[in-house]
Amino acid sequence: MDLKKFRITAARKNKSLSAFLDKFDELVPEDLPELVAREDAAVWREVNCMECANCCKTMTPTFTKADVKRISAHLDMKPKEFMDKWLIKEEDSGDWINKTQPCQFLVDNMCSIYEVRPSDCAEFPHHNKKPFDLYNDTFKNNLPHCPATLTLIARLKKVVEKEYEW
């Protein structure tokens, strides 16, 4: 995965794809769930997260209390020790997030705590959220970070603009 090329492409397409996602606030194709499922399956035949790991390099998950408890136990630490060592509380939201980027658990493009990773990581890039159109802001935020999201939204835009009165 050429992340430099991805960043250039994402910057070039961001405005157009964000505007496309904004249209879902007004108009949603009836068969959007089927379209998303079909195009998402095609995306995962093209994108390999382990060749990328850009999300782990440029974003931070939020850590729930359950995440902290599970991960700290896995690392044989007390939750407070784990939080003091690795996390900070975000001022605006009050969410617990990583102190550093890339993620401290990213080793050779792989998650060293994969089995117990935060739920936010396990669900990323959130393509299976339902209804899909209620997560436009999430997808817009992910466009510059995730090649799978960029590819999915570009594919959806192409199909919807071709097959629907938009």
# chains A, B, ... in the order shown; residues from 1 in each chain; ligands from 1

call {"tool": "residues_around", "arguments": {"residues": "range 153-165 of chain A", "least_positions_apart": "6", "cutoff": "8 Å", "atoms": "only C-alpha atoms", "output": "ChimeraX atom specification"}}
result
/A:17,20-21,29,35-36,39

call {"tool": "write_last_selection", "arguments": {"atoms": "N, CA, C and O atoms", "output": "tab-separated table (two decimals), in the first residue's frame"}}
result
chain	number	residue	atom	x	y	z
A	17	LEU	N	-16.44	13.39	-2.49
A	17	LEU	CA	-17.03	12.26	-1.78
A	17	LEU	C	-17.79	12.71	-0.54
A	17	LEU	O	-18.84	12.14	-0.21
A	20	PHE	N	-21.08	13.97	-1.76
A	20	PHE	CA	-21.93	12.81	-2.07
A	20	PHE	C	-22.56	12.26	-0.79
A	20	PHE	O	-23.77	12.01	-0.74
A	21	LEU	N	-21.78	12.09	0.24
A	21	LEU	CA	-22.32	11.57	1.51
A	21	LEU	C	-23.36	12.52	2.10
A	21	LEU	O	-24.35	12.07	2.68
A	29	PRO	N	-31.29	5.85	-1.41
A	29	PRO	CA	-31.82	4.79	-2.27
A	29	PRO	C	-32.40	3.66	-1.41
A	29	PRO	O	-31.83	3.29	-0.39
A	35	LEU	N	-26.65	-2.32	-1.79
A	35	LEU	CA	-25.56	-1.68	-2.52
A	35	LEU	C	-24.30	-1.63	-1.67
A	35	LEU	O	-23.20	-1.97	-2.14
A	36	VAL	N	-24.44	-1.23	-0.42
A	36	VAL	CA	-23.30	-1.13	0.48
A	36	VAL	C	-22.66	-2.51	0.66
A	36	VAL	O	-21.44	-2.66	0.57
A	39	GLU	N	-20.82	-3.56	-2.64
A	39	GLU	CA	-19.61	-2.77	-2.91
A	39	GLU	C	-18.56	-2.97	-1.83
A	39	GLU	O	-17.36	-3.01	-2.11

call {"tool": "select_by_dssp", "arguments": {"residues": "range 46-75 of chain A", "states": "helix (DSSP H, G or I)", "output": "number ranges by chain"}}
result
A: 46, 49-51, 54-58, 65-74

call {"tool": "write_last_selection", "arguments": {"atoms": "all heavy atoms", "output": "short mmCIF file (atom, residue, chain, number, x, y, z; two decimals), in the first residue's frame"}}
result
data_model
loop_
_atom_site.label_atom_id
_atom_site.label_comp_id
_atom_site.auth_asym_id
_atom_site.auth_seq_id
_atom_site.Cartn_x
_atom_site.Cartn_y
_atom_site.Cartn_z
N GLU A 46 -9.90 -5.84 -2.63
CA GLU A 46 -8.86 -4.94 -3.11
C GLU A 46 -7.95 -4.40 -2.01
O GLU A 46 -6.78 -4.11 -2.26
CB GLU A 46 -9.50 -3.72 -3.80
CG GLU A 46 -10.31 -4.01 -5.02
CD GLU A 46 -11.01 -2.77 -5.56
OE1 GLU A 46 -10.57 -1.64 -5.27
OE2 GLU A 46 -12.03 -2.93 -6.25
N CYS A 49 -5.80 -4.54 5.03
CA CYS A 49 -5.48 -3.67 6.16
C CYS A 49 -4.05 -3.85 6.66
O CYS A 49 -3.42 -2.89 7.11
CB CYS A 49 -6.45 -3.92 7.32
SG CYS A 49 -8.12 -3.34 6.98
N MET A 50 -3.52 -5.05 6.58
CA MET A 50 -2.17 -5.28 7.10
C MET A 50 -1.09 -4.71 6.19
O MET A 50 0.07 -4.61 6.60
CB MET A 50 -1.96 -6.76 7.37
CG MET A 50 -2.73 -7.20 8.60
SD MET A 50 -2.36 -8.87 9.09
CE MET A 50 -3.59 -9.76 8.16
N GLU A 51 -1.44 -4.34 4.97
CA GLU A 51 -0.50 -3.64 4.11
C GLU A 51 -0.58 -2.14 4.34
O GLU A 51 0.22 -1.39 3.80
CB GLU A 51 -0.80 -3.94 2.64
CG GLU A 51 -0.51 -5.35 2.22
CD GLU A 51 -0.90 -5.61 0.77
OE1 GLU A 51 -1.39 -4.68 0.09
OE2 GLU A 51 -0.71 -6.75 0.33
N ASN A 54 -2.96 2.44 8.21
CA ASN A 54 -2.96 3.89 8.30
C ASN A 54 -3.84 4.39 9.45
O ASN A 54 -3.53 5.40 10.08
CB ASN A 54 -3.39 4.53 6.98
CG ASN A 54 -3.00 5.97 6.89
OD1 ASN A 54 -1.85 6.33 7.17
ND2 ASN A 54 -3.93 6.82 6.52
N CYS A 55 -4.92 3.68 9.73
CA CYS A 55 -5.78 4.09 10.85
C CYS A 55 -4.97 4.08 12.15
O CYS A 55 -5.08 5.01 12.96
CB CYS A 55 -7.01 3.19 10.95
SG CYS A 55 -6.67 1.43 11.02
N CYS A 56 -4.16 3.07 12.35
CA CYS A 56 -3.35 2.95 13.57
C CYS A 56 -2.22 3.98 13.59
O CYS A 56 -1.71 4.32 14.66
CB CYS A 56 -2.75 1.56 13.69
SG CYS A 56 -3.97 0.23 13.64
N LYS A 57 -1.84 4.44 12.42
CA LYS A 57 -0.75 5.41 12.32
C LYS A 57 -1.23 6.85 12.47
O LYS A 57 -0.45 7.72 12.89
CB LYS A 57 -0.04 5.26 10.97
CG LYS A 57 0.66 3.93 10.80
CD LYS A 57 1.12 3.73 9.37
CE LYS A 57 1.69 2.32 9.19
NZ LYS A 57 1.93 2.00 7.78
N THR A 58 -2.49 7.11 12.11
CA THR A 58 -2.95 8.50 12.03
C THR A 58 -4.18 8.82 12.88
O THR A 58 -4.60 9.97 12.94
CB THR A 58 -3.28 8.87 10.57
OG1 THR A 58 -4.38 8.06 10.12
CG2 THR A 58 -2.08 8.70 9.67
N LYS A 65 -14.52 1.78 29.26
CA LYS A 65 -14.09 1.16 30.52
C LYS A 65 -13.86 -0.33 30.31
O LYS A 65 -12.90 -0.90 30.84
CB LYS A 65 -15.15 1.38 31.60
CG LYS A 65 -15.18 2.79 32.13
CD LYS A 65 -16.24 2.96 33.20
CE LYS A 65 -16.30 4.41 33.65
NZ LYS A 65 -17.32 4.63 34.68
N ALA A 66 -14.74 -0.97 29.55
CA ALA A 66 -14.58 -2.41 29.27
C ALA A 66 -13.29 -2.67 28.50
O ALA A 66 -12.59 -3.66 28.77
CB ALA A 66 -15.79 -2.93 28.50
N ASP A 67 -12.96 -1.81 27.54
CA ASP A 67 -11.71 -1.96 26.79
C ASP A 67 -10.51 -1.87 27.73
O ASP A 67 -9.60 -2.71 27.67
CB ASP A 67 -11.56 -0.86 25.72
CG ASP A 67 -12.55 -0.93 24.59
OD1 ASP A 67 -13.03 -2.04 24.27
OD2 ASP A 67 -12.84 0.14 24.01
N VAL A 68 -10.51 -0.86 28.57
CA VAL A 68 -9.39 -0.66 29.50
C VAL A 68 -9.24 -1.88 30.42
O VAL A 68 -8.13 -2.38 30.61
CB VAL A 68 -9.59 0.63 30.33
CG1 VAL A 68 -8.58 0.71 31.47
CG2 VAL A 68 -9.48 1.86 29.43
N LYS A 69 -10.35 -2.36 30.93
CA LYS A 69 -10.30 -3.51 31.83
C LYS A 69 -9.75 -4.75 31.11
O LYS A 69 -8.87 -5.44 31.62
CB LYS A 69 -11.71 -3.79 32.37
CG LYS A 69 -11.76 -4.87 33.42
CD LYS A 69 -13.18 -5.02 33.97
CE LYS A 69 -13.22 -6.15 34.98
NZ LYS A 69 -14.56 -6.34 35.51
N ARG A 70 -10.26 -5.01 29.91
CA ARG A 70 -9.84 -6.18 29.13
C ARG A 70 -8.37 -6.10 28.71
O ARG A 70 -7.61 -7.05 28.88
CB ARG A 70 -10.75 -6.30 27.89
CG ARG A 70 -10.50 -7.50 27.02
CD ARG A 70 -11.46 -7.55 25.83
NE ARG A 70 -11.32 -6.40 24.92
CZ ARG A 70 -12.16 -5.37 24.85
NH1 ARG A 70 -13.23 -5.33 25.61
NH2 ARG A 70 -11.95 -4.37 23.99
N ILE A 71 -7.96 -4.95 28.20
CA ILE A 71 -6.59 -4.80 27.70
C ILE A 71 -5.59 -4.80 28.85
O ILE A 71 -4.54 -5.44 28.78
CB ILE A 71 -6.45 -3.53 26.83
CG1 ILE A 71 -7.35 -3.64 25.59
CG2 ILE A 71 -4.99 -3.31 26.42
CD1 ILE A 71 -7.56 -2.33 24.86
N SER A 72 -5.91 -4.09 29.92
CA SER A 72 -4.99 -4.05 31.05
C SER A 72 -4.81 -5.44 31.66
O SER A 72 -3.69 -5.82 32.02
CB SER A 72 -5.44 -3.04 32.11
OG SER A 72 -6.70 -3.37 32.64
N ALA A 73 -5.88 -6.22 31.75
CA ALA A 73 -5.76 -7.60 32.26
C ALA A 73 -4.86 -8.42 31.33
O ALA A 73 -4.00 -9.18 31.79
CB ALA A 73 -7.14 -8.24 32.38
N HIS A 74 -5.04 -8.25 30.03
CA HIS A 74 -4.22 -8.96 29.04
C HIS A 74 -2.73 -8.61 29.21
O HIS A 74 -1.86 -9.47 29.04
CB HIS A 74 -4.71 -8.60 27.63
CG HIS A 74 -3.90 -9.19 26.53
ND1 HIS A 74 -4.04 -10.49 26.13
CD2 HIS A 74 -2.93 -8.65 25.74
CE1 HIS A 74 -3.20 -10.74 25.13
NE2 HIS A 74 -2.52 -9.64 24.88
#

call {"tool": "atom_distance", "arguments": {"atom1": "CA of Glu30 in chain A", "atom2": "CA of Leu143 in chain A"}}
result
24.0 Å

call {"tool": "closest_residue", "arguments": {"among": "A:Ala42, A:Ala53, A:Ile97, A:Ala19", "to": "Met1 in chain A", "atoms": "only C-alpha atoms"}}
result
A:Ala53

call {"tool": "atom_distance", "arguments": {"atom1": "CA of Pro33 in chain A", "atom2": "CA of Thr149 in chain A"}}
result
15.5 Å

call {"tool": "select_by_dssp", "arguments": {"residues": "chain A", "states": "strand (DSSP E or B)", "output": "MDAnalysis selection string"}}
result
chainID A and resid 62:63 87:89 96:98 106:107 110:111

call {"tool": "atom_distance", "arguments": {"atom1": "CA of Ser16 in chain A", "atom2": "CA of Leu3 in chain A"}}
result
20.2 Å

call {"tool": "residues_around", "arguments": {"residues": "Trp86 in chain A", "least_positions_apart": "3", "cutoff": "12 Å", "atoms": "only C-alpha atoms", "output": "ChimeraX atom specification"}}
result
/A:60,63,68,71-72,77,79-83,89,96-105

call {"tool": "write_last_selection", "arguments": {"atoms": "N, CA, C and O atoms", "output": "compact mmCIF listing (two decimals), in the first residue's frame"}}
result
# COMPACT_ATOMS: atom_id res chain seq x y z
N THR A 60 -6.71 7.66 16.58
CA THR A 60 -6.71 6.96 17.85
C THR A 60 -8.12 6.47 18.13
O THR A 60 -9.09 7.19 17.87
N PHE A 63 -11.30 4.49 24.06
CA PHE A 63 -11.22 3.33 24.94
C PHE A 63 -12.37 3.39 25.94
O PHE A 63 -12.45 4.35 26.71
N VAL A 68 -10.51 -0.86 28.57
CA VAL A 68 -9.39 -0.66 29.50
C VAL A 68 -9.24 -1.88 30.42
O VAL A 68 -8.13 -2.38 30.61
N ILE A 71 -7.96 -4.95 28.20
CA ILE A 71 -6.59 -4.80 27.70
C ILE A 71 -5.59 -4.80 28.85
O ILE A 71 -4.54 -5.44 28.78
N SER A 72 -5.91 -4.09 29.92
CA SER A 72 -4.99 -4.05 31.05
C SER A 72 -4.81 -5.44 31.66
O SER A 72 -3.69 -5.82 32.02
N MET A 77 -1.67 -5.64 33.86
CA MET A 77 -1.55 -4.32 34.49
C MET A 77 -2.86 -4.01 35.20
O MET A 77 -3.90 -4.56 34.84
N PRO A 79 -5.92 -1.39 35.66
CA PRO A 79 -6.51 -0.40 34.74
C PRO A 79 -5.92 1.00 34.90
O PRO A 79 -5.63 1.67 33.92
N LYS A 80 -5.72 1.44 36.14
CA LYS A 80 -5.16 2.79 36.35
C LYS A 80 -3.73 2.88 35.81
O LYS A 80 -3.37 3.89 35.20
N GLU A 81 -2.95 1.85 35.99
CA GLU A 81 -1.58 1.83 35.44
C GLU A 81 -1.63 1.96 33.92
O GLU A 81 -0.85 2.71 33.32
N PHE A 82 -2.51 1.18 33.31
CA PHE A 82 -2.67 1.20 31.85
C PHE A 82 -3.04 2.61 31.39
O PHE A 82 -2.44 3.15 30.46
N MET A 83 -4.04 3.18 32.04
CA MET A 83 -4.50 4.52 31.64
C MET A 83 -3.41 5.56 31.83
O MET A 83 -3.19 6.40 30.96
N LYS A 89 -7.29 11.85 28.59
CA LYS A 89 -8.71 12.15 28.47
C LYS A 89 -8.86 13.35 27.54
O LYS A 89 -8.27 14.41 27.77
N TRP A 96 -11.45 8.65 26.47
CA TRP A 96 -10.08 8.22 26.71
C TRP A 96 -9.49 7.79 25.37
O TRP A 96 -10.07 6.97 24.66
N ILE A 97 -8.33 8.37 25.02
CA ILE A 97 -7.68 8.10 23.74
C ILE A 97 -6.18 7.87 23.97
O ILE A 97 -5.66 8.17 25.05
N ASN A 98 -5.51 7.39 22.94
CA ASN A 98 -4.06 7.18 23.01
C ASN A 98 -3.32 8.51 23.22
O ASN A 98 -3.69 9.53 22.64
N LYS A 99 -2.24 8.44 23.98
CA LYS A 99 -1.37 9.61 24.15
C LYS A 99 -0.55 9.86 22.89
O LYS A 99 -0.17 10.99 22.61
N THR A 100 -0.25 8.78 22.17
CA THR A 100 0.68 8.90 21.04
C THR A 100 0.07 8.34 19.76
O THR A 100 -0.85 7.54 19.78
N GLN A 101 0.64 8.80 18.66
CA GLN A 101 0.37 8.23 17.35
C GLN A 101 1.72 8.06 16.68
O GLN A 101 2.57 8.95 16.81
N PRO A 102 1.97 6.99 16.00
CA PRO A 102 1.07 5.86 15.80
C PRO A 102 0.76 5.15 17.12
O PRO A 102 1.40 5.40 18.14
N CYS A 103 -0.22 4.28 17.06
CA CYS A 103 -0.65 3.54 18.23
C CYS A 103 0.52 2.74 18.81
O CYS A 103 1.28 2.11 18.08
N GLN A 104 0.62 2.78 20.12
CA GLN A 104 1.68 2.07 20.82
C GLN A 104 1.63 0.57 20.63
O GLN A 104 2.64 -0.12 20.83
N PHE A 105 0.50 0.04 20.20
CA PHE A 105 0.36 -1.40 20.02
C PHE A 105 0.57 -1.85 18.58
O PHE A 105 0.45 -3.03 18.27

call {"tool": "closest_residue", "arguments": {"among": "A:Pro61, A:Pro131, A:Pro118, A:Pro125", "to": "Thr151 in chain A", "atoms": "only C-alpha atoms"}}
result
A:Pro125

call {"tool": "closest_residue", "arguments": {"among": "A:Asn128, A:Ser119, A:Ser93, A:Asn141", "to": "Glu34 in chain A", "atoms": "only C-alpha atoms"}}
result
A:Asn128

call {"tool": "closest_residue", "arguments": {"among": "A:Cys146, A:Val107, A:Ala11, A:Leu32", "to": "Leu134 in chain A", "atoms": "only C-alpha atoms"}}
result
A:Leu32
